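Heads up, entry-v6.pdb below (PDB, C-alpha atoms, pLDDT in the B column):
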```
ATOM      1  CA  MET A   1      -3.507 -27.114  -3.133  1.00 94.00           C
ATOM      2  CA  VAL A   2      -6.152 -29.216  -1.423  1.00 96.00           C
ATOM      3  CA  TYR A   3      -6.094 -30.806   2.006  1.00 96.00           C
ATOM      4  CA  GLN A   4      -7.864 -34.019   2.977  1.00 92.00           C
ATOM      5  CA  ARG A   5     -10.041 -34.825   6.027  1.00 93.00           C
ATOM      6  CA  ILE A   6     -10.375 -31.359   7.578  1.00 96.00           C
ATOM      7  CA  LEU A   7     -11.986 -30.703  10.950  1.00 96.00           C
ATOM      8  CA  PRO A   8     -12.374 -27.638  13.206  1.00 97.00           C
ATOM      9  CA  GLY A   9     -11.039 -27.237  16.718  1.00 97.00           C
ATOM     10  CA  ARG A  10     -10.228 -24.742  19.482  1.00 98.00           C
ATOM     11  CA  PHE A  11      -6.630 -23.903  20.292  1.00 98.00           C
ATOM     12  CA  ILE A  12      -5.601 -24.494  23.900  1.00 98.00           C
ATOM     13  CA  ALA A  13      -1.802 -24.221  24.169  1.00 97.00           C
ATOM     14  CA  ARG A  14       1.498 -24.615  22.329  1.00 96.00           C
ATOM     15  CA  PRO A  15       3.985 -26.270  24.699  1.00 95.00           C
ATOM     16  CA  ASN A  16       6.739 -26.047  22.071  1.00 93.00           C
ATOM     17  CA  ARG A  17       7.083 -24.853  18.489  1.00 90.00           C
ATOM     18  CA  PHE A  18       6.234 -28.266  17.018  1.00 93.00           C
ATOM     19  CA  ILE A  19       3.215 -29.257  19.116  1.00 95.00           C
ATOM     20  CA  ALA A  20      -0.188 -27.739  19.919  1.00 96.00           C
ATOM     21  CA  HIS A  21      -2.979 -28.905  22.174  1.00 97.00           C
ATOM     22  CA  VAL A  22      -6.342 -28.481  20.461  1.00 97.00           C
ATOM     23  CA  GLU A  23      -9.853 -29.352  21.558  1.00 97.00           C
ATOM     24  CA  ALA A  24     -11.440 -31.286  18.690  1.00 96.00           C
ATOM     25  CA  GLU A  25     -13.868 -34.190  18.449  1.00 92.00           C
ATOM     26  CA  ASP A  26     -14.790 -33.703  22.124  1.00 93.00           C
ATOM     27  CA  GLN A  27     -11.296 -34.294  23.450  1.00 95.00           C
ATOM     28  CA  VAL A  28      -7.851 -32.703  23.614  1.00 97.00           C
ATOM     29  CA  GLN A  29      -5.783 -33.618  20.568  1.00 94.00           C
ATOM     30  CA  ILE A  30      -2.006 -33.339  20.344  1.00 95.00           C
ATOM     31  CA  CYS A  31      -1.291 -31.807  16.929  1.00 96.00           C
ATOM     32  CA  HIS A  32       1.770 -31.117  14.835  1.00 95.00           C
ATOM     33  CA  VAL A  33       2.173 -27.391  14.108  1.00 95.00           C
ATOM     34  CA  LYS A  34       3.256 -27.005  10.476  1.00 91.00           C
ATOM     35  CA  ASN A  35       4.941 -23.677  11.173  1.00 91.00           C
ATOM     36  CA  THR A  36       7.971 -23.141  13.425  1.00 84.00           C
ATOM     37  CA  GLY A  37       7.497 -19.350  13.489  1.00 82.00           C
ATOM     38  CA  ARG A  38       6.279 -17.543  16.594  1.00 82.00           C
ATOM     39  CA  CYS A  39       2.675 -16.974  15.414  1.00 88.00           C
ATOM     40  CA  ARG A  40       1.934 -15.425  18.818  1.00 86.00           C
ATOM     41  CA  GLU A  41      -0.768 -13.162  17.435  1.00 90.00           C
ATOM     42  CA  LEU A  42      -2.527 -16.173  15.877  1.00 94.00           C
ATOM     43  CA  LEU A  43      -2.300 -19.033  18.344  1.00 95.00           C
ATOM     44  CA  VAL A  44      -4.153 -17.547  21.289  1.00 96.00           C
ATOM     45  CA  PRO A  45      -6.246 -19.626  23.695  1.00 97.00           C
ATOM     46  CA  GLY A  46      -9.749 -20.177  22.319  1.00 97.00           C
ATOM     47  CA  ALA A  47      -8.879 -19.388  18.704  1.00 97.00           C
ATOM     48  CA  LYS A  48     -10.727 -21.441  16.116  1.00 98.00           C
ATOM     49  CA  VAL A  49      -8.285 -23.598  14.200  1.00 98.00           C
ATOM     50  CA  TRP A  50      -8.456 -26.172  11.441  1.00 97.00           C
ATOM     51  CA  LEU A  51      -6.772 -29.545  11.471  1.00 97.00           C
ATOM     52  CA  GLU A  52      -5.905 -32.050   8.769  1.00 96.00           C
ATOM     53  CA  GLU A  53      -6.090 -35.670   9.817  1.00 93.00           C
ATOM     54  CA  ARG A  54      -2.817 -37.392   8.966  1.00 87.00           C
ATOM     55  CA  ASP A  55      -3.080 -40.752  10.709  1.00 76.00           C
ATOM     56  CA  LEU A  56      -0.127 -42.414   8.981  1.00 79.00           C
ATOM     57  CA  PRO A  57       2.169 -45.223  10.136  1.00 81.00           C
ATOM     58  CA  GLY A  58       5.138 -43.921  12.109  1.00 78.00           C
ATOM     59  CA  ARG A  59       3.608 -40.540  12.944  1.00 83.00           C
ATOM     60  CA  LYS A  60       3.553 -39.434  16.557  1.00 85.00           C
ATOM     61  CA  THR A  61       0.522 -37.177  16.026  1.00 91.00           C
ATOM     62  CA  LYS A  62      -2.732 -37.838  14.206  1.00 92.00           C
ATOM     63  CA  TYR A  63      -3.399 -34.230  13.156  1.00 95.00           C
ATOM     64  CA  ASP A  64      -1.634 -31.265  11.573  1.00 96.00           C
ATOM     65  CA  LEU A  65      -2.668 -27.727  12.544  1.00 97.00           C
ATOM     66  CA  ILE A  66      -2.955 -25.912   9.207  1.00 96.00           C
ATOM     67  CA  ALA A  67      -5.158 -22.807   9.612  1.00 97.00           C
ATOM     68  CA  VAL A  68      -6.456 -20.386  12.226  1.00 98.00           C
ATOM     69  CA  GLU A  69      -9.099 -17.676  12.432  1.00 97.00           C
ATOM     70  CA  LYS A  70      -7.684 -14.374  13.679  1.00 96.00           C
ATOM     71  CA  GLU A  71     -10.249 -12.201  15.427  1.00 93.00           C
ATOM     72  CA  ARG A  72     -10.322  -8.604  14.140  1.00 91.00           C
ATOM     73  CA  PRO A  73     -12.719  -5.670  14.732  1.00 89.00           C
ATOM     74  CA  ASP A  74     -14.149  -6.105  11.234  1.00 88.00           C
ATOM     75  CA  GLY A  75     -14.586  -9.871  11.549  1.00 90.00           C
ATOM     76  CA  PRO A  76     -12.454 -13.031  11.653  1.00 95.00           C
ATOM     77  CA  LEU A  77      -9.652 -13.502   9.143  1.00 97.00           C
ATOM     78  CA  LEU A  78      -8.844 -17.056   8.053  1.00 98.00           C
ATOM     79  CA  ILE A  79      -5.079 -17.549   7.807  1.00 98.00           C
ATOM     80  CA  ASN A  80      -3.351 -20.632   6.460  1.00 98.00           C
ATOM     81  CA  MET A  81      -0.250 -21.213   8.607  1.00 96.00           C
ATOM     82  CA  ASP A  82       1.129 -24.320   6.915  1.00 96.00           C
ATOM     83  CA  ALA A  83       4.778 -23.437   6.202  1.00 95.00           C
ATOM     84  CA  GLN A  84       4.965 -26.105   3.471  1.00 95.00           C
ATOM     85  CA  ALA A  85       2.010 -24.696   1.542  1.00 97.00           C
ATOM     86  CA  PRO A  86       3.611 -21.580  -0.057  1.00 98.00           C
ATOM     87  CA  ASN A  87       6.067 -23.588  -2.162  1.00 97.00           C
ATOM     88  CA  LYS A  88       3.306 -25.921  -3.291  1.00 97.00           C
ATOM     89  CA  VAL A  89       0.917 -23.157  -4.381  1.00 97.00           C
ATOM     90  CA  PHE A  90       3.749 -21.231  -6.067  1.00 98.00           C
ATOM     91  CA  PHE A  91       4.696 -24.349  -8.025  1.00 98.00           C
ATOM     92  CA  GLU A  92       1.080 -24.864  -9.116  1.00 97.00           C
ATOM     93  CA  TRP A  93       0.734 -21.198 -10.091  1.00 98.00           C
ATOM     94  CA  ALA A  94       4.035 -20.990 -11.985  1.00 98.00           C
ATOM     95  CA  SER A  95       3.449 -24.326 -13.752  1.00 97.00           C
ATOM     96  CA  ALA A  96       0.123 -22.990 -15.033  1.00 97.00           C
ATOM     97  CA  GLY A  97       1.737 -19.891 -16.561  1.00 97.00           C
ATOM     98  CA  GLY A  98       1.410 -17.443 -13.676  1.00 97.00           C
ATOM     99  CA  LEU A  99       4.819 -15.934 -14.438  1.00 96.00           C
ATOM    100  CA  GLY A 100       3.646 -15.027 -17.927  1.00 95.00           C
ATOM    101  CA  PHE A 101       4.950 -18.231 -19.498  1.00 95.00           C
ATOM    102  CA  VAL A 102       4.904 -21.967 -18.876  1.00 96.00           C
ATOM    103  CA  PRO A 103       8.445 -23.033 -17.923  1.00 97.00           C
ATOM    104  CA  THR A 104      10.130 -25.743 -19.933  1.00 96.00           C
ATOM    105  CA  LEU A 105      11.557 -26.897 -16.595  1.00 97.00           C
ATOM    106  CA  LEU A 106      10.479 -26.038 -13.053  1.00 97.00           C
ATOM    107  CA  ARG A 107      12.510 -27.823 -10.399  1.00 97.00           C
ATOM    108  CA  PRO A 108      12.326 -27.437  -6.616  1.00 95.00           C
ATOM    109  CA  GLU A 109      15.226 -27.285  -4.172  1.00 95.00           C
ATOM    110  CA  THR A 110      18.166 -26.350  -6.392  1.00 95.00           C
ATOM    111  CA  VAL A 111      21.636 -25.350  -5.183  1.00 95.00           C
ATOM    112  CA  PHE A 112      23.493 -22.314  -6.493  1.00 95.00           C
ATOM    113  CA  GLY A 113      26.743 -21.395  -4.772  1.00 93.00           C
ATOM    114  CA  ASP A 114      26.155 -21.829  -1.050  1.00 93.00           C
ATOM    115  CA  SER A 115      22.397 -21.259  -1.341  1.00 93.00           C
ATOM    116  CA  ARG A 116      19.557 -23.718  -1.884  1.00 95.00           C
ATOM    117  CA  PHE A 117      16.699 -21.945  -3.628  1.00 98.00           C
ATOM    118  CA  ASP A 118      13.091 -23.086  -3.601  1.00 98.00           C
ATOM    119  CA  HIS A 119      12.709 -23.234  -7.397  1.00 98.00           C
ATOM    120  CA  TYR A 120      14.891 -23.270 -10.496  1.00 98.00           C
ATOM    121  CA  TRP A 121      13.293 -22.727 -13.890  1.00 98.00           C
ATOM    122  CA  GLU A 122      14.216 -22.781 -17.563  1.00 97.00           C
ATOM    123  CA  LEU A 123      12.384 -21.562 -20.644  1.00 97.00           C
ATOM    124  CA  SER A 124      13.410 -22.581 -24.126  1.00 91.00           C
ATOM    125  CA  ALA A 125      12.426 -19.653 -26.341  1.00 81.00           C
ATOM    126  CA  PRO A 126      13.193 -18.621 -29.933  1.00 81.00           C
ATOM    127  CA  GLU A 127      15.441 -15.838 -28.652  1.00 81.00           C
ATOM    128  CA  GLY A 128      17.447 -18.290 -26.543  1.00 85.00           C
ATOM    129  CA  MET A 129      17.404 -20.106 -23.230  1.00 92.00           C
ATOM    130  CA  ARG A 130      16.192 -18.236 -20.148  1.00 95.00           C
ATOM    131  CA  ARG A 131      16.889 -19.570 -16.671  1.00 97.00           C
ATOM    132  CA  GLY A 132      16.491 -18.358 -13.149  1.00 98.00           C
ATOM    133  CA  PHE A 133      15.712 -18.933  -9.475  1.00 98.00           C
ATOM    134  CA  TRP A 134      12.793 -18.134  -7.174  1.00 98.00           C
ATOM    135  CA  GLU A 135      12.828 -18.040  -3.403  1.00 98.00           C
ATOM    136  CA  VAL A 136       9.388 -18.270  -1.768  1.00 98.00           C
ATOM    137  CA  LYS A 137       8.413 -16.839   1.628  1.00 98.00           C
ATOM    138  CA  GLY A 138       5.098 -17.527   3.347  1.00 97.00           C
ATOM    139  CA  VAL A 139       3.477 -14.549   5.088  1.00 97.00           C
ATOM    140  CA  THR A 140       1.104 -15.005   8.034  1.00 96.00           C
ATOM    141  CA  LEU A 141       1.630 -11.741   9.939  1.00 96.00           C
ATOM    142  CA  GLU A 142      -1.128  -9.141   9.421  1.00 95.00           C
ATOM    143  CA  GLU A 143      -1.362  -5.710  11.007  1.00 94.00           C
ATOM    144  CA  GLY A 144      -4.183  -3.372  10.012  1.00 92.00           C
ATOM    145  CA  GLY A 145      -4.611  -4.851   6.537  1.00 94.00           C
ATOM    146  CA  THR A 146      -0.864  -4.883   5.833  1.00 97.00           C
ATOM    147  CA  ALA A 147       1.019  -8.173   5.466  1.00 98.00           C
ATOM    148  CA  ARG A 148       4.518  -8.134   6.931  1.00 97.00           C
ATOM    149  CA  PHE A 149       7.489 -10.488   6.729  1.00 97.00           C
ATOM    150  CA  PRO A 150       9.187 -11.833   8.766  1.00 95.00           C
ATOM    151  CA  ASP A 151       7.415 -12.356  12.089  1.00 92.00           C
ATOM    152  CA  ALA A 152      10.772 -13.235  13.696  1.00 91.00           C
ATOM    153  CA  PRO A 153      14.426 -12.558  12.762  1.00 94.00           C
ATOM    154  CA  THR A 154      15.522 -14.746   9.860  1.00 95.00           C
ATOM    155  CA  LEU A 155      19.220 -14.927   9.078  1.00 96.00           C
ATOM    156  CA  ARG A 156      18.354 -17.664   6.575  1.00 94.00           C
ATOM    157  CA  GLY A 157      16.065 -15.225   4.756  1.00 96.00           C
ATOM    158  CA  VAL A 158      18.849 -12.641   4.513  1.00 97.00           C
ATOM    159  CA  LYS A 159      21.224 -15.295   3.163  1.00 97.00           C
ATOM    160  CA  HIS A 160      18.711 -16.279   0.487  1.00 97.00           C
ATOM    161  CA  LEU A 161      18.388 -12.674  -0.680  1.00 98.00           C
ATOM    162  CA  GLU A 162      22.161 -12.297  -0.844  1.00 98.00           C
ATOM    163  CA  GLY A 163      22.277 -15.523  -2.875  1.00 98.00           C
ATOM    164  CA  LEU A 164      19.671 -14.178  -5.307  1.00 98.00           C
ATOM    165  CA  ILE A 165      21.803 -11.080  -5.819  1.00 98.00           C
ATOM    166  CA  LEU A 166      24.796 -13.279  -6.665  1.00 98.00           C
ATOM    167  CA  ALA A 167      22.685 -15.348  -9.068  1.00 98.00           C
ATOM    168  CA  ARG A 168      21.526 -12.164 -10.798  1.00 98.00           C
ATOM    169  CA  GLN A 169      25.101 -10.976 -11.105  1.00 98.00           C
ATOM    170  CA  ALA A 170      25.999 -14.352 -12.654  1.00 97.00           C
ATOM    171  CA  GLY A 171      23.456 -13.818 -15.422  1.00 96.00           C
ATOM    172  CA  TYR A 172      20.432 -15.693 -14.081  1.00 97.00           C
ATOM    173  CA  GLU A 173      17.020 -14.178 -13.606  1.00 98.00           C
ATOM    174  CA  ALA A 174      16.082 -14.140  -9.937  1.00 98.00           C
ATOM    175  CA  GLY A 175      13.046 -13.408  -7.816  1.00 98.00           C
ATOM    176  CA  ALA A 176      11.690 -13.442  -4.280  1.00 98.00           C
ATOM    177  CA  CYS A 177       7.990 -14.234  -3.967  1.00 98.00           C
ATOM    178  CA  PHE A 178       5.907 -13.558  -0.869  1.00 98.00           C
ATOM    179  CA  ILE A 179       2.959 -15.946  -0.667  1.00 98.00           C
ATOM    180  CA  VAL A 180       0.410 -14.148   1.531  1.00 98.00           C
ATOM    181  CA  GLN A 181      -1.549 -16.908   3.266  1.00 98.00           C
ATOM    182  CA  MET A 182      -4.693 -14.802   3.780  1.00 98.00           C
ATOM    183  CA  ALA A 183      -6.978 -12.549   1.736  1.00 97.00           C
ATOM    184  CA  GLY A 184      -7.880  -8.870   1.767  1.00 96.00           C
ATOM    185  CA  MET A 185      -4.419  -7.366   2.293  1.00 97.00           C
ATOM    186  CA  ASP A 186      -3.532  -3.946   0.926  1.00 97.00           C
ATOM    187  CA  HIS A 187       0.156  -4.666   0.391  1.00 98.00           C
ATOM    188  CA  VAL A 188       3.230  -6.491   1.704  1.00 98.00           C
ATOM    189  CA  GLU A 189       6.159  -4.791   3.365  1.00 98.00           C
ATOM    190  CA  PRO A 190       9.306  -5.909   5.199  1.00 98.00           C
ATOM    191  CA  ASN A 191       8.924  -6.025   8.967  1.00 97.00           C
ATOM    192  CA  ASP A 192      11.764  -3.642   9.747  1.00 97.00           C
ATOM    193  CA  ALA A 193      10.769  -3.359  13.402  1.00 96.00           C
ATOM    194  CA  THR A 194      11.398  -7.081  13.912  1.00 95.00           C
ATOM    195  CA  HIS A 195      14.355  -7.634  11.562  1.00 97.00           C
ATOM    196  CA  PRO A 196      15.789  -4.487   9.917  1.00 98.00           C
ATOM    197  CA  GLU A 197      18.568  -6.527   8.287  1.00 98.00           C
ATOM    198  CA  PHE A 198      16.011  -8.464   6.234  1.00 98.00           C
ATOM    199  CA  GLY A 199      14.377  -5.249   5.033  1.00 98.00           C
ATOM    200  CA  ALA A 200      17.760  -3.812   4.065  1.00 98.00           C
ATOM    201  CA  ALA A 201      18.669  -7.008   2.190  1.00 98.00           C
ATOM    202  CA  LEU A 202      15.325  -6.978   0.353  1.00 98.00           C
ATOM    203  CA  ARG A 203      15.935  -3.405  -0.814  1.00 98.00           C
ATOM    204  CA  ARG A 204      19.466  -4.292  -1.943  1.00 98.00           C
ATOM    205  CA  ALA A 205      18.068  -7.242  -3.883  1.00 98.00           C
ATOM    206  CA  ALA A 206      15.489  -5.059  -5.649  1.00 98.00           C
ATOM    207  CA  GLU A 207      18.185  -2.546  -6.579  1.00 98.00           C
ATOM    208  CA  ALA A 208      20.312  -5.401  -7.968  1.00 98.00           C
ATOM    209  CA  GLY A 209      17.530  -6.484 -10.338  1.00 98.00           C
ATOM    210  CA  VAL A 210      15.931  -9.253  -8.283  1.00 98.00           C
ATOM    211  CA  GLU A 211      12.192  -9.306  -8.951  1.00 98.00           C
ATOM    212  CA  ILE A 212      10.123  -8.846  -5.784  1.00 98.00           C
ATOM    213  CA  LEU A 213       6.620 -10.294  -6.065  1.00 98.00           C
ATOM    214  CA  ALA A 214       3.686 -10.774  -3.679  1.00 98.00           C
ATOM    215  CA  LEU A 215       0.775 -13.134  -4.310  1.00 98.00           C
ATOM    216  CA  GLU A 216      -2.308 -13.058  -2.119  1.00 98.00           C
ATOM    217  CA  CYS A 217      -4.104 -16.358  -1.593  1.00 98.00           C
ATOM    218  CA  VAL A 218      -7.712 -17.421  -1.495  1.00 97.00           C
ATOM    219  CA  VAL A 219      -7.963 -19.327   1.781  1.00 97.00           C
ATOM    220  CA  GLU A 220     -10.497 -21.988   2.671  1.00 96.00           C
ATOM    221  CA  PRO A 221     -10.180 -24.455   5.563  1.00 95.00           C
ATOM    222  CA  GLY A 222      -9.282 -27.254   3.150  1.00 95.00           C
ATOM    223  CA  ARG A 223      -7.811 -25.355   0.217  1.00 97.00           C
ATOM    224  CA  LEU A 224      -5.181 -22.718  -0.607  1.00 97.00           C
ATOM    225  CA  THR A 225      -4.853 -21.149  -4.057  1.00 97.00           C
ATOM    226  CA  VAL A 226      -3.181 -18.075  -5.492  1.00 97.00           C
ATOM    227  CA  GLY A 227      -5.628 -15.202  -5.922  1.00 96.00           C
ATOM    228  CA  ARG A 228      -4.091 -11.913  -7.054  1.00 96.00           C
ATOM    229  CA  ARG A 229      -0.868  -9.972  -7.111  1.00 97.00           C
ATOM    230  CA  ILE A 230      -0.595  -7.233  -4.511  1.00 98.00           C
ATOM    231  CA  PRO A 231       2.004  -4.471  -4.176  1.00 98.00           C
ATOM    232  CA  VAL A 232       5.262  -4.804  -2.254  1.00 98.00           C
ATOM    233  CA  ARG A 233       6.258  -1.566  -0.547  1.00 98.00           C
ATOM    234  CA  LEU A 234       9.949  -1.363   0.196  1.00 95.00           C
TER
END
```

Representation of the structure as structure tokens:
Amino acid sequence: MVYQRILPGRFIARPNRFIAHVEAEDQVQICHVKNTGRCRELLVPGAKVWLEERDLPGRKTKYDLIAVEKERPDGPLLINMDAQAPNKVFFEWASAGGLGFVPTLLRPETVFGDSRFDHYWELSAPEGMRRGFWEVKGVTLEEGGTARFPDAPTLRGVKHLEGLILARQAGYEAGACFIVQMAGMDHVEPNDATHPEFGAALRRAAEAGVEILALECVVEPGRLTVGRRIPVRL
């Protein structure tokens, strides 16, 4: 996916989870933060960030905060922190055959039982109709070259995994995909220290036949694309 009208800035403060104050274009800008997660290790005073100008009628803010450079001993790491981006790049990747086939149908936001999954797909094949669900999770937490999810407790994430198990039991194919919004990671693993229930649910899902997939992204200030598959360690 490609952003429009990108400009750099310096992070100042985040008075609430929706708003950030950023120094850009020689003044303090009030920006919409496109990620309601904690992101405490990313949004530190003085951090270089990237904004997308979104000066549209009815908007309260002119800019969206979409990416940040995390300082590390081996150099800065550019992390896309747009929570809407993972579903978009997954859709682009899957539509282009990333799953090993081009779906006959790929539809976002589809209800099954009491769950709403990010993507429903169908494939009309000579051996019969295949159909299934994918739930997508964006990963922005990095520790020593390991990507971890979640960065805060997520009861919604546990519910999605339980729903995928039920879909699998009902005869659908099912998968959970971690979109890693940074490059150079060794693997993805559940953040058991922060939310052990999510890690336990992810392991139950894998045992029930839910496919667990991680895709690392190529990150540029104005672009996010799927790069390579990386391991998921449960």

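The shortest atom-to-atom distance to A:Cys177, with only C-alpha atoms taken into account, belongs to A:Phe90 out of A:Phe90, A:Ala152, A:Val158, A:Arg204.
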
Please report as a Markdown table every residue of stretch 34-58 of chain A lying within 8 Å of stretch 3-25 of chain A, along with the nearest atom pair and their distance in Å (one decimal), using only C-alpha atoms.
```
| residue | atom | partner | partner_atom | distance |
| --- | --- | --- | --- | --- |
| A:Lys34 | CA | A:Phe18 | CA | 7.3 |
| A:Asn35 | CA | A:Phe18 | CA | 7.5 |
| A:Thr36 | CA | A:Arg17 | CA | 5.4 |
| A:Gly37 | CA | A:Arg17 | CA | 7.4 |
| A:Arg38 | CA | A:Arg17 | CA | 7.6 |
| A:Leu43 | CA | A:Phe11 | CA | 6.8 |
| A:Val44 | CA | A:Phe11 | CA | 6.9 |
| A:Pro45 | CA | A:Ile12 | CA | 4.9 |
| A:Gly46 | CA | A:Phe11 | CA | 5.3 |
| A:Ala47 | CA | A:Phe11 | CA | 5.3 |
| A:Lys48 | CA | A:Arg10 | CA | 4.7 |
| A:Val49 | CA | A:Gly9 | CA | 5.2 |
| A:Trp50 | CA | A:Pro8 | CA | 4.5 |
| A:Leu51 | CA | A:Leu7 | CA | 5.4 |
| A:Glu52 | CA | A:Ile6 | CA | 4.7 |
| A:Glu53 | CA | A:Arg5 | CA | 5.5 |
```

Go ahead and write the selection's residues with C-alpha atoms as a short mmCIF file (atom, residue, chain, number, x, y, z; two decimals), in the coordinates of the input.
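Written out: out17.cif:
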```cif
data_model
loop_
_atom_site.label_atom_id
_atom_site.label_comp_id
_atom_site.auth_asym_id
_atom_site.auth_seq_id
_atom_site.Cartn_x
_atom_site.Cartn_y
_atom_site.Cartn_z
CA LYS A 34 3.26 -27.00 10.48
CA ASN A 35 4.94 -23.68 11.17
CA THR A 36 7.97 -23.14 13.42
CA GLY A 37 7.50 -19.35 13.49
CA ARG A 38 6.28 -17.54 16.59
CA LEU A 43 -2.30 -19.03 18.34
CA VAL A 44 -4.15 -17.55 21.29
CA PRO A 45 -6.25 -19.63 23.70
CA GLY A 46 -9.75 -20.18 22.32
CA ALA A 47 -8.88 -19.39 18.70
CA LYS A 48 -10.73 -21.44 16.12
CA VAL A 49 -8.28 -23.60 14.20
CA TRP A 50 -8.46 -26.17 11.44
CA LEU A 51 -6.77 -29.54 11.47
CA GLU A 52 -5.90 -32.05 8.77
CA GLU A 53 -6.09 -35.67 9.82
#
```

**Study point:** Resolved residues for the PyMOL selection byres ((chain A and resi 186) around 6) as a list of chain:residue names
**Key:**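 For this structure, the PyMOL selection byres ((chain A and resi 186) around 6) captures A:Gly145, A:Thr146, A:Met185, A:His187.
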
Local residues around (5.5, -19.9, -1.6), at most 8 Å away, using all atoms listed in the file, as an mmCIF file with C-alpha atoms, in the frame of the given file:
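Dumped to selection37.cif:
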```cif
data_model
loop_
_atom_site.group_PDB
_atom_site.id
_atom_site.type_symbol
_atom_site.label_atom_id
_atom_site.label_comp_id
_atom_site.auth_asym_id
_atom_site.auth_seq_id
_atom_site.Cartn_x
_atom_site.Cartn_y
_atom_site.Cartn_z
ATOM 1 C CA ALA A 85 2.010 -24.696 1.542
ATOM 2 C CA PRO A 86 3.611 -21.580 -0.057
ATOM 3 C CA ASN A 87 6.067 -23.588 -2.162
ATOM 4 C CA LYS A 88 3.306 -25.921 -3.291
ATOM 5 C CA VAL A 89 0.917 -23.157 -4.381
ATOM 6 C CA PHE A 90 3.749 -21.231 -6.067
ATOM 7 C CA PHE A 91 4.696 -24.349 -8.025
ATOM 8 C CA GLU A 135 12.828 -18.040 -3.403
ATOM 9 C CA VAL A 136 9.388 -18.270 -1.768
ATOM 10 C CA LYS A 137 8.413 -16.839 1.628
ATOM 11 C CA GLY A 138 5.098 -17.527 3.347
ATOM 12 C CA CYS A 177 7.990 -14.234 -3.967
ATOM 13 C CA PHE A 178 5.907 -13.558 -0.869
ATOM 14 C CA ILE A 179 2.959 -15.946 -0.667
#
```

Point to revise | Straight-line distance linking atom CA of A:Arg116 with atom CA of A:His160, stated in Å to one decimal | key: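 Interatomic distance, atom CA of A:Arg116 to atom CA of A:His160: 7.9 Å.
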
Practice item. Measuring atom to atom with all atoms listed in the file, identify which of A:Arg223, A:Val68, A:Asp114, A:Ala125 is nearest to A:Arg156. Key: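 Closest residue, counting all atoms listed in the file: A:Asp114.
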
Given the PyMOL selection byres ((chain A and resi 225) around 9) and the file above, list the residues it selects as a PDB file with C-alpha atoms, in the coordinates of the input.
```pdb
ATOM      1  CA  MET A   1      -3.507 -27.114  -3.133  1.00 94.00           C
ATOM      2  CA  VAL A   2      -6.152 -29.216  -1.423  1.00 96.00           C
ATOM      3  CA  VAL A  89       0.917 -23.157  -4.381  1.00 97.00           C
ATOM      4  CA  PHE A  90       3.749 -21.231  -6.067  1.00 98.00           C
ATOM      5  CA  GLU A  92       1.080 -24.864  -9.116  1.00 97.00           C
ATOM      6  CA  TRP A  93       0.734 -21.198 -10.091  1.00 98.00           C
ATOM      7  CA  GLU A 216      -2.308 -13.058  -2.119  1.00 98.00           C
ATOM      8  CA  CYS A 217      -4.104 -16.358  -1.593  1.00 98.00           C
ATOM      9  CA  VAL A 218      -7.712 -17.421  -1.495  1.00 97.00           C
ATOM     10  CA  VAL A 219      -7.963 -19.327   1.781  1.00 97.00           C
ATOM     11  CA  GLU A 220     -10.497 -21.988   2.671  1.00 96.00           C
ATOM     12  CA  ARG A 223      -7.811 -25.355   0.217  1.00 97.00           C
ATOM     13  CA  LEU A 224      -5.181 -22.718  -0.607  1.00 97.00           C
ATOM     14  CA  VAL A 226      -3.181 -18.075  -5.492  1.00 97.00           C
ATOM     15  CA  GLY A 227      -5.628 -15.202  -5.922  1.00 96.00           C
TER      16      GLY A 227
END
```

Test item: residues at most 6 Å from A:Trp134, only C-alpha atoms, excluding those fewer than 5 positions along its chain, as a PDB file with C-alpha atoms, in the frame of the given file:
```pdb
ATOM      1  CA  HIS A 119      12.709 -23.234  -7.397  1.00 98.00           C
ATOM      2  CA  ALA A 174      16.082 -14.140  -9.937  1.00 98.00           C
ATOM      3  CA  GLY A 175      13.046 -13.408  -7.816  1.00 98.00           C
ATOM      4  CA  ALA A 176      11.690 -13.442  -4.280  1.00 98.00           C
TER       5      ALA A 176
END
```

Practice item. Quick one: apply the PyMOL selection byres ((chain A and resi 143) around 12) to the file and drop the selected residues here as a list of chain:residue names. Key: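 On this input, the PyMOL selection byres ((chain A and resi 143) around 12) captures A:Glu41, A:Leu42, A:Lys70, A:Glu71, A:Arg72, A:Pro73, A:Leu77, A:Val139, A:Thr140, A:Leu141, A:Glu142, A:Gly144, A:Gly145, A:Thr146, A:Ala147, A:Arg148, A:Phe149, A:Asp151, A:Gly184, A:Met185, A:Asp186, A:His187, A:Val188, A:Glu189, A:Asn191.
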
Check your understanding: At what distance in Å, to one decimal, does atom CA of A:Asn80 lie from atom CA of A:Phe101?
Key ->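 Those two atoms sit 27.4 Å apart.
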
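The neighbours of A:Ile79 here are the residues that come within 6 Å of it, using all atoms listed in the file and leaving out any residue fewer than 5 positions away in the same chain; they are Ala67, Val68, Gln181 and Met182 of chain A.
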
Just so I have it separately, write stretch 2-6 of chain A from the block I sent, keeping N, CA and C atoms, as an mmCIF file, in the first residue's frame.
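So part35.cif came out as:
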```cif
data_model
loop_
_atom_site.group_PDB
_atom_site.id
_atom_site.type_symbol
_atom_site.label_atom_id
_atom_site.label_comp_id
_atom_site.auth_asym_id
_atom_site.auth_seq_id
_atom_site.Cartn_x
_atom_site.Cartn_y
_atom_site.Cartn_z
ATOM 1 N N VAL A 2 0.340 2.317 -0.568
ATOM 2 C CA VAL A 2 1.097 3.547 -0.745
ATOM 3 C C VAL A 2 0.351 4.685 -0.072
ATOM 4 N N TYR A 3 1.089 5.498 0.661
ATOM 5 C CA TYR A 3 0.541 6.694 1.274
ATOM 6 C C TYR A 3 0.781 7.904 0.356
ATOM 7 N N GLN A 4 0.054 8.964 0.620
ATOM 8 C CA GLN A 4 0.195 10.195 -0.150
ATOM 9 C C GLN A 4 0.676 11.324 0.768
ATOM 10 N N ARG A 5 1.450 12.261 0.229
ATOM 11 C CA ARG A 5 1.842 13.483 0.929
ATOM 12 C C ARG A 5 2.444 13.189 2.305
ATOM 13 N N ILE A 6 3.641 12.603 2.297
ATOM 14 C CA ILE A 6 4.333 12.199 3.512
ATOM 15 C C ILE A 6 5.322 13.286 3.933
#
```
